[in-house]
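Next comes query_18.pdb, a file with PDB, C-alpha atoms.
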```
ATOM      1  CA  MET A   1     259.389  94.048 176.696
ATOM      2  CA  LEU A   2     260.203  92.284 173.447
ATOM      3  CA  LEU A   3     259.276  93.134 169.860
ATOM      4  CA  ALA A   4     259.003  89.859 167.932
ATOM      5  CA  ILE A   5     259.179  89.754 164.127
ATOM      6  CA  ASP A   6     258.786  86.835 161.721
ATOM      7  CA  THR A   7     258.461  86.671 157.924
ATOM      8  CA  SER A   8     259.234  82.994 157.336
ATOM      9  CA  ALA A   9     255.604  82.180 156.477
ATOM     10  CA  GLY A  10     253.472  85.251 156.045
ATOM     11  CA  SER A  11     254.420  88.246 158.198
ATOM     12  CA  SER A  12     253.773  88.696 161.910
ATOM     13  CA  VAL A  13     254.778  91.109 164.662
ATOM     14  CA  ALA A  14     254.009  91.155 168.383
ATOM     15  CA  VAL A  15     254.886  92.966 171.595
ATOM     16  CA  VAL A  16     255.465  90.500 174.438
ATOM     17  CA  THR A  17     256.459  91.106 178.053
ATOM     18  CA  LEU A  18     259.353  89.218 179.633
ATOM     19  CA  GLY A  19     256.697  87.386 181.610
ATOM     20  CA  GLY A  20     255.221  86.022 178.377
ATOM     21  CA  GLU A  21     252.117  88.228 178.132
ATOM     22  CA  VAL A  22     251.220  89.187 174.554
ATOM     23  CA  LEU A  23     250.292  92.877 174.604
ATOM     24  CA  ALA A  24     249.703  93.272 170.874
ATOM     25  CA  GLU A  25     249.948  91.141 167.757
ATOM     26  CA  ARG A  26     249.361  91.774 164.066
ATOM     27  CA  SER A  27     249.886  89.521 161.066
ATOM     28  CA  SER A  28     249.386  89.008 157.345
ATOM     29  CA  ASP A  29     249.277  85.577 155.701
ATOM     30  CA  ASP A  30     250.270  87.018 152.297
ATOM     31  CA  PRO A  31     253.496  85.149 151.425
ATOM     32  CA  MET A  32     254.613  87.683 148.813
ATOM     33  CA  ARG A  33     254.329  91.149 150.433
ATOM     34  CA  HIS A  34     256.623  90.978 153.463
ATOM     35  CA  ALA A  35     258.496  94.179 152.615
ATOM     36  CA  GLU A  36     255.276  96.093 151.965
ATOM     37  CA  VAL A  37     253.572  95.222 155.267
ATOM     38  CA  ILE A  38     256.313  94.740 157.867
ATOM     39  CA  GLY A  39     256.728  98.444 158.710
ATOM     40  CA  THR A  40     252.991  98.910 159.132
ATOM     41  CA  LEU A  41     252.739  95.819 161.337
ATOM     42  CA  ILE A  42     255.559  97.046 163.588
ATOM     43  CA  ALA A  43     254.107 100.553 163.960
ATOM     44  CA  GLY A  44     250.617  99.146 164.525
ATOM     45  CA  CYS A  45     251.776  96.760 167.257
ATOM     46  CA  LEU A  46     253.629  99.479 169.134
ATOM     47  CA  ASP A  47     250.524 101.677 168.942
ATOM     48  CA  ASP A  48     248.228  98.832 170.022
ATOM     49  CA  ALA A  49     250.449  98.070 173.007
ATOM     50  CA  GLY A  50     250.627 101.769 173.861
ATOM     51  CA  ILE A  51     254.375 101.762 174.346
ATOM     52  CA  GLU A  52     257.344 103.763 173.116
ATOM     53  CA  VAL A  53     260.427 102.251 171.501
ATOM     54  CA  ALA A  54     262.418 103.225 174.607
ATOM     55  CA  THR A  55     260.285 100.778 176.633
ATOM     56  CA  LEU A  56     261.544  97.783 174.646
ATOM     57  CA  THR A  57     264.410  95.709 176.007
ATOM     58  CA  GLY A  58     265.039  93.455 173.014
ATOM     59  CA  LEU A  59     264.041  92.181 169.592
ATOM     60  CA  VAL A  60     263.148  88.621 168.624
ATOM     61  CA  ALA A  61     263.853  87.446 165.072
ATOM     62  CA  GLY A  62     262.256  84.363 163.551
ATOM     63  CA  MET A  63     265.159  82.560 161.865
ATOM     64  CA  GLY A  64     263.069  80.184 159.778
ATOM     65  CA  PRO A  65     263.006  77.781 158.145
ATOM     66  CA  GLY A  66     261.736  79.929 155.328
ATOM     67  CA  PRO A  67     262.306  80.894 151.684
ATOM     68  CA  PHE A  68     265.275  83.210 151.162
ATOM     69  CA  THR A  69     263.505  86.342 149.922
ATOM     70  CA  GLY A  70     260.786  86.445 152.566
ATOM     71  CA  LEU A  71     262.765  85.219 155.553
ATOM     72  CA  ARG A  72     265.587  87.740 155.231
ATOM     73  CA  ILE A  73     263.133  90.679 155.324
ATOM     74  CA  GLY A  74     262.030  89.905 158.873
ATOM     75  CA  ILE A  75     265.561  89.187 160.061
ATOM     76  CA  ALA A  76     266.840  92.414 158.483
ATOM     77  CA  ALA A  77     263.961  94.373 160.045
ATOM     78  CA  ALA A  78     264.727  92.993 163.516
ATOM     79  CA  ARG A  79     268.475  93.562 163.205
ATOM     80  CA  SER A  80     268.068  97.075 161.785
ATOM     81  CA  PHE A  81     265.597  98.003 164.512
ATOM     82  CA  GLY A  82     267.959  96.559 167.107
ATOM     83  CA  ILE A  83     270.905  98.581 165.813
ATOM     84  CA  GLY A  84     268.877 101.789 165.672
ATOM     85  CA  ALA A  85     267.441 101.343 169.160
ATOM     86  CA  GLY A  86     270.591  99.883 170.696
ATOM     87  CA  LEU A  87     268.821  96.646 171.644
ATOM     88  CA  PRO A  88     269.893  92.979 171.493
ATOM     89  CA  VAL A  89     268.308  90.645 168.929
ATOM     90  CA  HIS A  90     267.365  87.139 170.069
ATOM     91  CA  PRO A  91     267.155  84.513 167.261
ATOM     92  CA  VAL A  92     264.412  81.860 167.559
ATOM     93  CA  VAL A  93     263.494  78.897 165.341
ATOM     94  CA  SER A  94     260.179  79.898 163.759
ATOM     95  CA  HIS A  95     258.645  76.414 163.945
ATOM     96  CA  ASP A  96     259.149  76.468 167.743
ATOM     97  CA  ALA A  97     256.630  79.305 167.933
ATOM     98  CA  ILE A  98     254.063  77.376 165.881
ATOM     99  CA  ALA A  99     254.502  74.331 168.113
ATOM    100  CA  LEU A 100     254.276  76.363 171.324
ATOM    101  CA  ASP A 101     251.087  78.032 170.140
ATOM    102  CA  ALA A 102     249.557  74.640 169.276
ATOM    103  CA  TYR A 103     250.444  73.117 172.641
ATOM    104  CA  ARG A 104     249.337  76.102 174.713
ATOM    105  CA  SER A 105     246.093  76.604 172.789
ATOM    106  CA  GLY A 106     245.134  72.965 173.276
ATOM    107  CA  SER A 107     245.035  72.138 169.560
ATOM    108  CA  ALA A 108     247.755  69.608 170.450
ATOM    109  CA  ALA A 109     247.975  67.827 173.813
ATOM    110  CA  ALA A 110     250.917  68.994 175.922
ATOM    111  CA  ASP A 111     252.529  65.536 175.756
ATOM    112  CA  ALA A 112     251.595  64.731 172.134
ATOM    113  CA  THR A 113     253.961  64.385 169.210
ATOM    114  CA  LEU A 114     253.477  67.100 166.593
ATOM    115  CA  LEU A 115     254.682  67.647 163.028
ATOM    116  CA  VAL A 116     254.868  71.328 162.065
ATOM    117  CA  VAL A 117     254.818  71.974 158.305
ATOM    118  CA  THR A 118     255.218  75.222 156.336
ATOM    119  CA  ASP A 119     255.424  75.966 152.627
ATOM    120  CA  ALA A 120     258.954  76.061 151.192
ATOM    121  CA  ARG A 121     257.712  76.772 147.641
ATOM    122  CA  ARG A 122     259.160  74.875 144.676
ATOM    123  CA  ARG A 123     256.740  72.070 145.578
ATOM    124  CA  GLU A 124     258.596  71.428 148.827
ATOM    125  CA  ARG A 125     257.791  71.696 152.528
ATOM    126  CA  TYR A 126     259.712  72.649 155.653
ATOM    127  CA  TRP A 127     259.034  70.385 158.631
ATOM    128  CA  THR A 128     259.985  69.911 162.276
ATOM    129  CA  SER A 129     258.772  67.246 164.695
ATOM    130  CA  TYR A 130     258.129  67.837 168.407
ATOM    131  CA  ALA A 131     257.451  65.710 171.467
ATOM    132  CA  GLY A 132     255.453  67.878 173.863
ATOM    133  CA  LEU A 133     256.678  70.566 176.261
ATOM    134  CA  ASP A 134     259.684  70.470 178.576
ATOM    135  CA  ALA A 135     259.855  71.575 182.228
ATOM    136  CA  ALA A 136     260.248  75.199 181.129
ATOM    137  CA  GLY A 137     257.114  74.965 179.007
ATOM    138  CA  LEU A 138     259.020  75.030 175.717
ATOM    139  CA  PRO A 139     258.412  72.628 172.801
ATOM    140  CA  VAL A 140     260.851  69.729 172.602
ATOM    141  CA  ARG A 141     262.312  69.547 169.098
ATOM    142  CA  VAL A 142     262.961  65.933 168.030
ATOM    143  CA  GLN A 143     263.852  66.241 164.327
ATOM    144  CA  GLY A 144     264.372  69.124 161.960
ATOM    145  CA  PRO A 145     263.956  71.747 160.796
ATOM    146  CA  ALA A 146     264.313  69.964 157.468
ATOM    147  CA  LEU A 147     263.210  70.220 153.845
ATOM    148  CA  ALA A 148     261.288  67.564 151.905
ATOM    149  CA  LYS A 149     258.893  66.900 149.054
ATOM    150  CA  PRO A 150     255.259  66.584 150.222
ATOM    151  CA  ASP A 151     255.262  62.819 149.707
ATOM    152  CA  GLU A 152     258.539  62.491 151.635
ATOM    153  CA  LEU A 153     257.339  64.064 154.886
ATOM    154  CA  PRO A 154     257.644  61.851 157.976
ATOM    155  CA  THR A 155     254.603  59.653 158.566
ATOM    156  CA  SER A 156     253.789  58.582 162.092
ATOM    157  CA  GLU A 157     251.207  58.930 164.823
ATOM    158  CA  SER A 158     252.097  62.624 165.109
ATOM    159  CA  ALA A 159     249.400  65.231 164.654
ATOM    160  CA  ARG A 160     250.242  67.379 161.637
ATOM    161  CA  LEU A 161     249.931  71.152 161.670
ATOM    162  CA  ASP A 162     250.249  73.095 158.398
ATOM    163  CA  ALA A 163     250.792  76.772 159.190
ATOM    164  CA  LEU A 164     250.384  79.802 156.933
ATOM    165  CA  VAL A 165     251.895  82.289 159.382
ATOM    166  CA  VAL A 166     254.147  82.089 162.440
ATOM    167  CA  PRO A 167     252.446  83.582 165.532
ATOM    168  CA  ALA A 168     254.806  86.350 166.612
ATOM    169  CA  GLY A 169     253.256  86.358 170.072
ATOM    170  CA  ALA A 170     254.380  82.766 170.585
ATOM    171  CA  LEU A 171     257.775  83.639 169.078
ATOM    172  CA  GLY A 172     258.176  86.277 171.770
ATOM    173  CA  GLN A 173     257.014  83.813 174.430
ATOM    174  CA  VAL A 174     259.695  81.327 173.354
ATOM    175  CA  ALA A 175     262.326  84.061 173.684
ATOM    176  CA  ALA A 176     260.984  85.201 177.052
ATOM    177  CA  ALA A 177     261.122  81.620 178.392
ATOM    178  CA  LEU A 178     264.662  81.129 177.076
ATOM    179  CA  LEU A 179     265.784  84.376 178.710
ATOM    180  CA  ALA A 180     264.177  83.363 182.007
ATOM    181  CA  THR A 181     265.839  79.938 182.030
ATOM    182  CA  ASP A 182     269.141  80.895 180.387
ATOM    183  CA  GLY A 183     268.211  78.587 177.505
ATOM    184  CA  ALA A 184     269.934  78.254 174.142
ATOM    185  CA  PHE A 185     268.723  80.490 171.327
ATOM    186  CA  ALA A 186     268.931  79.630 167.635
ATOM    187  CA  GLY A 187     272.078  80.350 165.654
ATOM    188  CA  GLU A 188     272.721  83.621 163.860
ATOM    189  CA  GLU A 189     272.447  82.055 160.393
ATOM    190  CA  PRO A 190     268.988  81.983 158.757
ATOM    191  CA  LEU A 191     267.513  78.526 158.176
ATOM    192  CA  TYR A 192     267.061  78.580 154.399
ATOM    193  CA  LEU A 193     267.772  74.806 154.200
ATOM    194  CA  ARG A 194     268.556  74.873 150.502
ATOM    195  CA  SER A 195     271.544  75.971 148.460
ATOM    196  CA  PRO A 196     271.459  79.468 146.952
ATOM    197  CA  ASP A 197     270.517  79.812 143.289
ATOM    198  CA  VAL A 198     273.558  82.027 142.654
ATOM    199  CA  THR A 199     277.039  80.555 143.035
ATOM    200  CA  MET A 200     280.523  82.093 143.007
ATOM    201  CA  SER A 201     282.227  82.364 139.652
ATOM    202  CA  ALA A 202     284.823  79.717 138.879
ATOM    203  CA  GLY A 203     286.922  82.314 137.091
ATOM    204  CA  ALA A 204     286.953  84.559 134.036
ATOM    205  CA  LYS A 205     285.195  83.200 130.996
ATOM    206  CA  ARG A 206     286.923  83.139 127.635
ATOM    207  CA  VAL A 207     285.488  85.567 125.139
ATOM    208  CA  THR A 208     285.525  84.433 121.504
ATOM    209  CA  ALA A 209     284.488  86.131 118.315
TER     210      ALA A 209
END
```
Show how you would write the structure in this file as structure tokens.
Amino acid sequence: MLLAIDTSAGSSVAVVTLGGEVLAERSSDDPMRHAEVIGTLIAGCLDDAGIEVATLTGLVAGMGPGPFTGLRIGIAAARSFGIGAGLPVHPVVSHDAIALDAYRSGSAAADATLLVVTDARRRERYWTSYAGLDAAGLPVRVQGPALAKPDELPTSESARLDALVVPAGALGQVAAALLATDGAFAGEEPLYLRSPDVTMSAGAKRVTA
């Protein structure tokens, strides 16, 4: 079983079997209290699923795109849990989970183009475009993830989905499908998609009276 964690847009946690069944899922759409709720969500999901930590076989970390402060909390939680439990951590693009949930729930046709959008703050948006599901039942990413001003988002015939939280159950389902098909996971680097506010010093500054 997999414990999936995402804090790229809100906070969400789920327990998912390797067959893709969601046993438990909890979430909060508060974009500012990731650190305060993530522990409770994890403990609650394990209780809801009725399983012990020893039953888990891996962690799934949503790698964004997401704002720096919030996104790193979920990634750190997954990696710390993985180290403590001696389990591997599987990185997944967070927007893939939103797209998968939309396609499987029927809110987007399985062969339809879809534009997934989440809040990047600073009056910007993260976006990724998709073109239905592949043979493994995974969303086909066409462009993105990318960052843009609201009026610079791609305009097309695609259905647009603005999400407040990433469904951790779908995140776990993406990972389960990738494991079953030996698919490619996301990279190890978080998808912040913007330069850090703090930069390295160019050298010692001169002090004058």
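Between Leu153 in chain A and the candidates A:Leu23, A:Val116, A:Ile83, A:Ala61, the tightest atom-to-atom separation, counting only C-alpha atoms, involves A:Val116.
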Per residue of range 94-194 of chain A within 8 Å of range 64-67 of chain A, what are the shortest atom pair and its distance in Å to one decimal, counting all atoms listed in the file, with rows by chain and residue number, as a Markdown table?
```
| residue | atom | partner | partner_atom | distance |
| --- | --- | --- | --- | --- |
| A:Ser94 | CA | A:Gly64 | CA | 4.9 |
| A:His95 | CA | A:Gly64 | CA | 7.2 |
| A:Asp119 | CA | A:Gly66 | CA | 7.9 |
| A:Ala120 | CA | A:Pro67 | CA | 5.9 |
| A:Arg121 | CA | A:Pro67 | CA | 7.4 |
| A:Tyr126 | CA | A:Pro65 | CA | 6.6 |
| A:Pro145 | CA | A:Pro65 | CA | 6.7 |
| A:Ala146 | CA | A:Pro65 | CA | 8.0 |
| A:Pro190 | CA | A:Gly64 | CA | 6.3 |
| A:Leu191 | CA | A:Pro65 | CA | 4.6 |
| A:Tyr192 | CA | A:Gly66 | CA | 5.6 |
| A:Leu193 | CA | A:Pro65 | CA | 6.9 |
```
Item to check | Distance query range 181-188 of chain A at most 6 Å, all atoms listed in the file, self and fewer than 2 positions along chain excluded, as JSON, numbers by chain | outcome: {"A": [91, 92, 93, 178, 179]}
Could you tell me which residues the PyMOL selection byres ((chain A and resi 49) around 9) returns for this structure, as a CSV table (one decimal) with C-alpha atoms, in the frame of the given file?
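And here's result_30.csv as it stands now:
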```csv
chain,number,residue,atom,x,y,z
A,15,VAL,CA,254.9,93.0,171.6
A,23,LEU,CA,250.3,92.9,174.6
A,24,ALA,CA,249.7,93.3,170.9
A,25,GLU,CA,249.9,91.1,167.8
A,44,GLY,CA,250.6,99.1,164.5
A,45,CYS,CA,251.8,96.8,167.3
A,46,LEU,CA,253.6,99.5,169.1
A,47,ASP,CA,250.5,101.7,168.9
A,48,ASP,CA,248.2,98.8,170.0
A,50,GLY,CA,250.6,101.8,173.9
A,51,ILE,CA,254.4,101.8,174.3
A,52,GLU,CA,257.3,103.8,173.1
```
Next on the checklist: Could you list, as a list in words, every residue within 8 Å of Ala159 in chain A, counting all atoms listed in the file and ignoring same-chain residues fewer than 3 positions away?
Outcome noted: Ala108, Ala112, Thr113, Leu114 and Leu115 of chain A
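Distance annotation: of A:Gly144, A:Gly39, A:Gly169, A:Gly58, the residue with the minimal separation from Ser129 in chain A is A:Gly144; atom set is only C-alpha atoms.
The closest residue to Thr7 in chain A, picked from A:Ala85, A:Val166, A:Ile42, A:Ala110 and counting all atoms listed in the file, is A:Val166.
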Checklist entry - Which is closer to Leu164 in chain A than all the others in A:Thr128, A:Thr17, A:Gln143, A:Thr118, using only C-alpha atoms? => result A:Thr118
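For the set A:Ile73, A:Ala109, A:Leu133, A:Ile5, the residue with the smallest atom-to-atom gap to Pro167 in chain A is A:Ile5, counting all atoms listed in the file.
Each of A:Leu71, A:Leu100, A:Met32, A:Ala131 was checked against Ala177 in chain A using all atoms listed in the file; the smallest atom-to-atom distance is that of A:Leu100.
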Axis-aligned box for range 138-148 of chain A, 4 Å per side, centre and edges in Å as JSON:
```
{"center_x": 261.4, "center_y": 70.5, "center_z": 163.8, "size_x": 14.0, "size_y": 17.1, "size_z": 31.8}
```
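The set of residues that the PyMOL selection byres ((chain A and resi 124) around 7) takes from this file is A:Asp119, A:Ala120, A:Arg121, A:Arg122, A:Arg123, A:Arg125, A:Leu147, A:Ala148, A:Lys149, A:Pro150.
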Would you fill the gaps in range 34-45 of chain A so it has N, CA, C and O atoms, then print it as a PDB file, keeping the file's coordinate frame?
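Resulting contents of result_30.pdb:
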```pdb
ATOM      1  N   HIS A  34     255.984  90.743 152.166  1.00  0.00           N
ATOM      2  CA  HIS A  34     256.623  90.978 153.463  1.00  0.00           C
ATOM      3  C   HIS A  34     257.157  92.412 153.571  1.00  0.00           C
ATOM      4  O   HIS A  34     256.918  93.086 154.574  1.00  0.00           O
ATOM      5  N   ALA A  35     257.877  92.857 152.567  1.00  0.00           N
ATOM      6  CA  ALA A  35     258.496  94.179 152.615  1.00  0.00           C
ATOM      7  C   ALA A  35     257.454  95.287 152.671  1.00  0.00           C
ATOM      8  O   ALA A  35     257.669  96.320 153.310  1.00  0.00           O
ATOM      9  N   GLU A  36     256.308  95.062 152.011  1.00  0.00           N
ATOM     10  CA  GLU A  36     255.276  96.093 151.965  1.00  0.00           C
ATOM     11  C   GLU A  36     254.537  96.249 153.295  1.00  0.00           C
ATOM     12  O   GLU A  36     254.055  97.340 153.618  1.00  0.00           O
ATOM     13  N   VAL A  37     254.416  95.167 154.067  1.00  0.00           N
ATOM     14  CA  VAL A  37     253.572  95.222 155.267  1.00  0.00           C
ATOM     15  C   VAL A  37     254.338  95.282 156.580  1.00  0.00           C
ATOM     16  O   VAL A  37     253.763  95.667 157.609  1.00  0.00           O
ATOM     17  N   ILE A  38     255.622  94.908 156.595  1.00  0.00           N
ATOM     18  CA  ILE A  38     256.313  94.740 157.867  1.00  0.00           C
ATOM     19  C   ILE A  38     256.398  96.042 158.673  1.00  0.00           C
ATOM     20  O   ILE A  38     256.204  96.049 159.899  1.00  0.00           O
ATOM     21  N   GLY A  39     256.648  97.160 158.002  1.00  0.00           N
ATOM     22  CA  GLY A  39     256.728  98.444 158.710  1.00  0.00           C
ATOM     23  C   GLY A  39     255.408  98.822 159.346  1.00  0.00           C
ATOM     24  O   GLY A  39     255.360  99.294 160.492  1.00  0.00           O
ATOM     25  N   THR A  40     254.322  98.600 158.613  1.00  0.00           N
ATOM     26  CA  THR A  40     252.991  98.910 159.132  1.00  0.00           C
ATOM     27  C   THR A  40     252.644  98.016 160.317  1.00  0.00           C
ATOM     28  O   THR A  40     252.048  98.475 161.306  1.00  0.00           O
ATOM     29  N   LEU A  41     253.016  96.744 160.234  1.00  0.00           N
ATOM     30  CA  LEU A  41     252.739  95.819 161.337  1.00  0.00           C
ATOM     31  C   LEU A  41     253.502  96.226 162.599  1.00  0.00           C
ATOM     32  O   LEU A  41     252.951  96.178 163.711  1.00  0.00           O
ATOM     33  N   ILE A  42     254.756  96.623 162.435  1.00  0.00           N
ATOM     34  CA  ILE A  42     255.559  97.046 163.588  1.00  0.00           C
ATOM     35  C   ILE A  42     254.955  98.285 164.241  1.00  0.00           C
ATOM     36  O   ILE A  42     254.740  98.325 165.460  1.00  0.00           O
ATOM     37  N   ALA A  43     254.671  99.308 163.421  1.00  0.00           N
ATOM     38  CA  ALA A  43     254.107 100.553 163.960  1.00  0.00           C
ATOM     39  C   ALA A  43     252.756 100.295 164.617  1.00  0.00           C
ATOM     40  O   ALA A  43     252.456 100.835 165.692  1.00  0.00           O
ATOM     41  N   GLY A  44     251.934  99.445 163.983  1.00  0.00           N
ATOM     42  CA  GLY A  44     250.617  99.146 164.525  1.00  0.00           C
ATOM     43  C   GLY A  44     250.695  98.433 165.864  1.00  0.00           C
ATOM     44  O   GLY A  44     249.913  98.713 166.780  1.00  0.00           O
ATOM     45  N   CYS A  45     251.630  97.493 165.999  1.00  0.00           N
ATOM     46  CA  CYS A  45     251.776  96.760 167.257  1.00  0.00           C
ATOM     47  C   CYS A  45     252.226  97.674 168.390  1.00  0.00           C
ATOM     48  O   CYS A  45     251.733  97.578 169.515  1.00  0.00           O
TER      49      CYS A  45
END
```
